[in-house]
Every structure is written in C-alpha cells, then in structure tokens.
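Colleague: This is the structure, below, for whatever I ask next.
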Amino acid sequence: MRQFVSEVFPDELGILKIVKKDYKYFRQVLRLSVGDMVVVRLPSNELLNMTVCKMNESLREILLQKCDVQDISEKVNIPSTVSNTEIWLFQFIAKGQKMDLIVRQATECGVKKIIPVIGDFCQSGTSEKNFKSERYDRIIKEARQQSGSSVSTELMPSVSVLEACEIWKNFAENDNTAFGCVLYERNENTKNIFNALHEYNEIKKCAIVCGAEGGISPNEIKHFMDSGIIPIHLDTNILRCETAALYGIASVQSAVSGKKLWQLTE
C-alpha cells in the first residue's frame with residue numbers, strides 16, 4: 001500500500017495543502033487527479049483517507065480533503081508490521097550511494113532507528129558525512145511512502161563503537177526481551193541466529209550491527225560482546241555491505257517472527 005506521509009495535520013476544515021516536492025510525488029509517482037483518493041499518514045501515525053479536491057498546476061499546489069470514513073482499515077489494505085519488535089540498526093558507515101541504499105531498505109523493512117557507526121575499517125571521509133540532512137529525510141519519507149511502513153524511522157547522528165555499545169546497554173539494560181546481534185563474516189565465537197534466539201521467550205527490542213565495506217575488526221567485535229551483543233554468522237555467500245544489511249534485517253525478522261509463531265502453536 002502506498003501512502004503519503006504528512007508532516008502536518010489537516011486544518012480545522014479538514015483540508016491539507018500539498019506543495020513543492022510533495023506536489024511532484026503526487027503528480028509523477030502517484031499520478032493522482034481530482035476526485036482520486038489517497039491514504040495519508042499523519043504525524044500522530046494515524047491513517048486518514050483523503051480526496052484530491054483541487055489542483056493548481058501553475059502554483060504547483062494540491063488540496064486534499066478529509067473523507068468521512070469510520071474505519072479506514074475496512075476501506076484500504078493496510079499491512080501490519082512484521083512484529084511488535086522495535087529494531088535498531090547499528091550500521092558501520094558505507095560510502096556514497098551504498099549508505100543511501102541501506103537507509104532506504106532499512107526504512108522499508110520497518111527499522112525504527114538507524115545509527116551510523118564510525119569503525120576501524122570504514123573508508124576515509126565517511127565519518128564526516130552529515131546524516132541529519134534534508135536529503136536523508138527525503139530518502140526515508142519516500143521509502144515509507146512506497147512501502148506503507150507505519151514505523152517512523154529515525155536516522156541518528158554518527159557515533160563511535162564505544163558510544164554505540166553504551167547506547168544499546170542503556171536501552172536494553174535489565175530487559176530480558178532485548179536481543180542484540182552483530183553480523184560477523186568470520187565464524188569463530190559466533191552462533192547461528194536460531195541458537196542465539198533460543199533462550200528468549202519474547203523479543204521486544206532488537207539491535208542488529210552490520211559492518212561497512214571493510215567489515216568489523218576483532219577488537220570491535222569484542223566491545224560488542226562485552227555489551228551483551230551476540231556475534232552471528234549467517235551461512236551464506238560473501239555479501240556486499242548494502243546486501244548484508246538487508247539480508248541481516250530480513251533474517252532476524254524472519255527468525256523472530258518464526259519463533260513467535262512456533263510458540264503460539266505449542
């Protein structure tokens with residue numbers, strides 16, 4: 001389900017004005033005309049059916065009007081989230097378009113927070129990258145609109161490995177529903193995802209750590225292990241960093257969801 005993610009609420013008359021870059025999305029991507037209906041996700045995360053009531057080509061402006069619908073879930077196909085697990089991706093900073101792709105795909109998968117990590121094997125110049133830019137806001141918004149994600153994905157400022165460990169420890173402290181894993185290309189001192197999840201009855205918080213082009217150093221792996229984050233080795237081919245992030249998120253989501261379904265059928 002495609003949606004429009006609005007940064008503002010409709011006015012007191014139920015009218016929402018679409019301008020500038022959002023106008024281009026409506027005209028060139030959604031290809032809507034006057035009278036068409038669109039699903040709008042409000043800043044409160046609620047979904048609202050709205051109708052295109054007016055278009056002004058010269059001003060590049062569109063007006064949407066709130067529809068009188070009791071239950072939007074009966075009118076549109078709204079996908080549910082994969083689970084009630086909040087996923088944080090600690091992503092070692094990759095170069096250029098690779099990082100853009102990782103952010104886009106993680107957003108489409110419903111990751112709550114993407115935390116860029118500066119590591120030993122990150123390529124030169126990546127640590128200076130500005131992740132709080134309008135361009136990244138646009139990438140996230142477009143990914144949510146395309147995928148219909150109900151999760152308000154946040155891209156955080158970049159941190160060091162030690163800061164990443166501290167962030168996770170503070171978030172997961174004394175919480176037996178918090179699970180953290182780091183994807184590691186080596187197999188020593190690692191577990192497969194199913195063995196790592198075996199001791200957990202329920203997972204509400206999940207950290208996934210993924211390396212950049214050069215991978216993750218042994219010292220960095222030790223820091224994560226000391227923070228309670230389990231090294232995971234996925235038995236697959238050698239993956240590019242942008243592929244590894246998506247593959248890792250999907251693997252963990254599938255394993256967590258599968259564990260939940262298995263428990264329900266016991």
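We name chains A, B, ... following the order of the structure tokens; residues begin at 1 in each chain, and ligands are numbered from 1 as shown.
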Quick one: everything within 8 Å of stretch 203-210 of chain A, counting only C-alpha atoms, minus sequence neighbours fewer than 4 positions away in the same chain. Send it as a PyMOL selection string.
Modeller: chain A and resi 84-92+168+172+176-184+229+241+244-245+248-249+256
Colleague: Report as a count of residues only all protein, DNA and RNA residues lying within 10 Å of A:Ser147, evaluated on only C-alpha atoms, omitting residues in the same chain fewer than 2 positions from it.
Modeller: 15
Colleague: How many Å lie between atom CA of A:Arg138 and atom CA of A:Lys21, rounded to one decimal?
Modeller: 9.5 Å
Colleague: Among stretch 143-199 of chain A, which ones does DSSP place in alpha helix (DSSP H), written as a VMD selection string?
Modeller: chain A and resid 143 to 147 161 to 172 193 to 197
Colleague: Store the residues picked out above in a file with N, CA, C and O atoms, as a PDB file, in the first residue's frame.
Modeller:
```pdb
ATOM      1  N   ALA A 143      10.775   6.189   1.107  1.00  0.00           N
ATOM      2  CA  ALA A 143      10.760   4.752   1.388  1.00  0.00           C
ATOM      3  C   ALA A 143       9.520   4.364   2.178  1.00  0.00           C
ATOM      4  O   ALA A 143       8.914   3.311   1.931  1.00  0.00           O
ATOM      5  N   ARG A 144       9.111   5.190   3.128  1.00  0.00           N
ATOM      6  CA  ARG A 144       7.896   4.913   3.895  1.00  0.00           C
ATOM      7  C   ARG A 144       6.662   5.001   3.016  1.00  0.00           C
ATOM      8  O   ARG A 144       5.733   4.202   3.139  1.00  0.00           O
ATOM      9  N   GLN A 145       6.655   5.982   2.133  1.00  0.00           N
ATOM     10  CA  GLN A 145       5.500   6.153   1.252  1.00  0.00           C
ATOM     11  C   GLN A 145       5.381   4.983   0.276  1.00  0.00           C
ATOM     12  O   GLN A 145       4.286   4.501   0.003  1.00  0.00           O
ATOM     13  N   GLN A 146       6.497   4.502  -0.224  1.00  0.00           N
ATOM     14  CA  GLN A 146       6.488   3.395  -1.172  1.00  0.00           C
ATOM     15  C   GLN A 146       6.074   2.097  -0.497  1.00  0.00           C
ATOM     16  O   GLN A 146       5.317   1.301  -1.049  1.00  0.00           O
ATOM     17  N   SER A 147       6.589   1.855   0.717  1.00  0.00           N
ATOM     18  CA  SER A 147       6.382   0.572   1.390  1.00  0.00           C
ATOM     19  C   SER A 147       5.134   0.535   2.255  1.00  0.00           C
ATOM     20  O   SER A 147       4.665  -0.548   2.617  1.00  0.00           O
ATOM     21  N   VAL A 161      32.211   3.206  18.069  1.00  0.00           N
ATOM     22  CA  VAL A 161      31.825   1.858  18.501  1.00  0.00           C
ATOM     23  C   VAL A 161      31.498   1.841  19.988  1.00  0.00           C
ATOM     24  O   VAL A 161      30.496   1.255  20.416  1.00  0.00           O
ATOM     25  N   LEU A 162      32.324   2.482  20.797  1.00  0.00           N
ATOM     26  CA  LEU A 162      32.077   2.504  22.242  1.00  0.00           C
ATOM     27  C   LEU A 162      30.775   3.238  22.567  1.00  0.00           C
ATOM     28  O   LEU A 162      30.033   2.826  23.463  1.00  0.00           O
ATOM     29  N   GLU A 163      30.500   4.311  21.842  1.00  0.00           N
ATOM     30  CA  GLU A 163      29.236   5.036  22.048  1.00  0.00           C
ATOM     31  C   GLU A 163      28.049   4.179  21.635  1.00  0.00           C
ATOM     32  O   GLU A 163      27.003   4.187  22.297  1.00  0.00           O
ATOM     33  N   ALA A 164      28.197   3.419  20.546  1.00  0.00           N
ATOM     34  CA  ALA A 164      27.125   2.524  20.101  1.00  0.00           C
ATOM     35  C   ALA A 164      26.833   1.475  21.167  1.00  0.00           C
ATOM     36  O   ALA A 164      25.667   1.181  21.468  1.00  0.00           O
ATOM     37  N   CYS A 165      27.886   0.916  21.745  1.00  0.00           N
ATOM     38  CA  CYS A 165      27.716  -0.082  22.806  1.00  0.00           C
ATOM     39  C   CYS A 165      26.997   0.516  24.012  1.00  0.00           C
ATOM     40  O   CYS A 165      26.118  -0.120  24.616  1.00  0.00           O
ATOM     41  N   GLU A 166      27.352   1.734  24.365  1.00  0.00           N
ATOM     42  CA  GLU A 166      26.738   2.394  25.512  1.00  0.00           C
ATOM     43  C   GLU A 166      25.266   2.703  25.247  1.00  0.00           C
ATOM     44  O   GLU A 166      24.419   2.542  26.139  1.00  0.00           O
ATOM     45  N   ILE A 167      24.957   3.137  24.031  1.00  0.00           N
ATOM     46  CA  ILE A 167      23.564   3.419  23.658  1.00  0.00           C
ATOM     47  C   ILE A 167      22.714   2.160  23.817  1.00  0.00           C
ATOM     48  O   ILE A 167      21.617   2.204  24.383  1.00  0.00           O
ATOM     49  N   TRP A 168      23.216   1.043  23.312  1.00  0.00           N
ATOM     50  CA  TRP A 168      22.447  -0.201  23.401  1.00  0.00           C
ATOM     51  C   TRP A 168      22.319  -0.676  24.849  1.00  0.00           C
ATOM     52  O   TRP A 168      21.248  -1.110  25.285  1.00  0.00           O
ATOM     53  N   LYS A 169      23.408  -0.599  25.627  1.00  0.00           N
ATOM     54  CA  LYS A 169      23.347  -1.035  27.021  1.00  0.00           C
ATOM     55  C   LYS A 169      22.313  -0.230  27.801  1.00  0.00           C
ATOM     56  O   LYS A 169      21.556  -0.792  28.600  1.00  0.00           O
ATOM     57  N   ASN A 170      22.259   1.067  27.565  1.00  0.00           N
ATOM     58  CA  ASN A 170      21.287   1.908  28.269  1.00  0.00           C
ATOM     59  C   ASN A 170      19.853   1.573  27.862  1.00  0.00           C
ATOM     60  O   ASN A 170      18.934   1.612  28.679  1.00  0.00           O
ATOM     61  N   PHE A 171      19.651   1.252  26.579  1.00  0.00           N
ATOM     62  CA  PHE A 171      18.311   0.943  26.077  1.00  0.00           C
ATOM     63  C   PHE A 171      17.846  -0.440  26.528  1.00  0.00           C
ATOM     64  O   PHE A 171      16.672  -0.643  26.824  1.00  0.00           O
ATOM     65  N   ALA A 172      18.779  -1.388  26.589  1.00  0.00           N
ATOM     66  CA  ALA A 172      18.413  -2.784  26.859  1.00  0.00           C
ATOM     67  C   ALA A 172      18.660  -3.214  28.300  1.00  0.00           C
ATOM     68  O   ALA A 172      18.419  -4.372  28.646  1.00  0.00           O
ATOM     69  N   ILE A 193      21.604 -17.770  14.043  1.00  0.00           N
ATOM     70  CA  ILE A 193      20.545 -16.915  14.570  1.00  0.00           C
ATOM     71  C   ILE A 193      19.560 -17.684  15.453  1.00  0.00           C
ATOM     72  O   ILE A 193      19.077 -17.174  16.463  1.00  0.00           O
ATOM     73  N   PHE A 194      19.286 -18.947  15.114  1.00  0.00           N
ATOM     74  CA  PHE A 194      18.295 -19.712  15.867  1.00  0.00           C
ATOM     75  C   PHE A 194      18.827 -20.115  17.243  1.00  0.00           C
ATOM     76  O   PHE A 194      18.091 -20.071  18.239  1.00  0.00           O
ATOM     77  N   ASN A 195      20.089 -20.500  17.310  1.00  0.00           N
ATOM     78  CA  ASN A 195      20.685 -20.805  18.614  1.00  0.00           C
ATOM     79  C   ASN A 195      20.761 -19.559  19.484  1.00  0.00           C
ATOM     80  O   ASN A 195      20.559 -19.621  20.700  1.00  0.00           O
ATOM     81  N   ALA A 196      21.068 -18.424  18.873  1.00  0.00           N
ATOM     82  CA  ALA A 196      21.162 -17.175  19.634  1.00  0.00           C
ATOM     83  C   ALA A 196      19.807 -16.779  20.221  1.00  0.00           C
ATOM     84  O   ALA A 196      19.743 -16.189  21.309  1.00  0.00           O
ATOM     85  N   LEU A 197      18.738 -17.092  19.525  1.00  0.00           N
ATOM     86  CA  LEU A 197      17.395 -16.708  19.980  1.00  0.00           C
ATOM     87  C   LEU A 197      16.770 -17.729  20.919  1.00  0.00           C
ATOM     88  O   LEU A 197      15.712 -17.455  21.505  1.00  0.00           O
TER      89      LEU A 197
END
```
Colleague: Could you jot down the atom CA of A:Lys95 to atom CA of A:Lys222 separation for me, Å, one decimal place?
Modeller: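 Distance between the two atoms: 24.5 Å.
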Colleague: For A:Ile139, please output as a CSV table (one decimal) with N, CA and C atoms, in the first residue's frame all residues within 8 Å (counting only C-alpha atoms; exclusion window: fewer than 4 positions along the same chain).
Modeller:
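That gives us out_35.csv:
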```csv
chain,number,residue,atom,x,y,z
A,100,ASP,N,23.1,5.3,1.2
A,100,ASP,CA,21.8,5.7,0.9
A,100,ASP,C,20.8,4.5,0.7
A,103,VAL,N,19.9,2.9,4.1
A,103,VAL,CA,18.9,3.7,4.8
A,103,VAL,C,17.5,3.4,4.2
A,104,ARG,N,17.5,3.4,2.8
A,104,ARG,CA,16.2,3.2,2.2
A,104,ARG,C,15.6,1.8,2.5
A,135,ARG,N,18.3,15.7,2.5
A,135,ARG,CA,18.3,14.6,1.5
A,135,ARG,C,18.0,13.3,2.2
A,143,ALA,N,10.8,6.2,1.1
A,143,ALA,CA,10.8,4.8,1.4
A,143,ALA,C,9.5,4.4,2.2
```
Colleague: So how many Å separate atom CA of A:Ile15 and atom CA of A:Lys66, to one decimal?
Modeller: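 Computed distance, atom CA of A:Ile15 to atom CA of A:Lys66, equals 6.4 Å.
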Colleague: So which one's closest to A:Met50, A:Gly14, A:Ile232, A:Leu155, A:Arg27? Using only C-alpha atoms, please.
Modeller: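 Using only C-alpha atoms, A:Met50 sits closest to A:Gly14.
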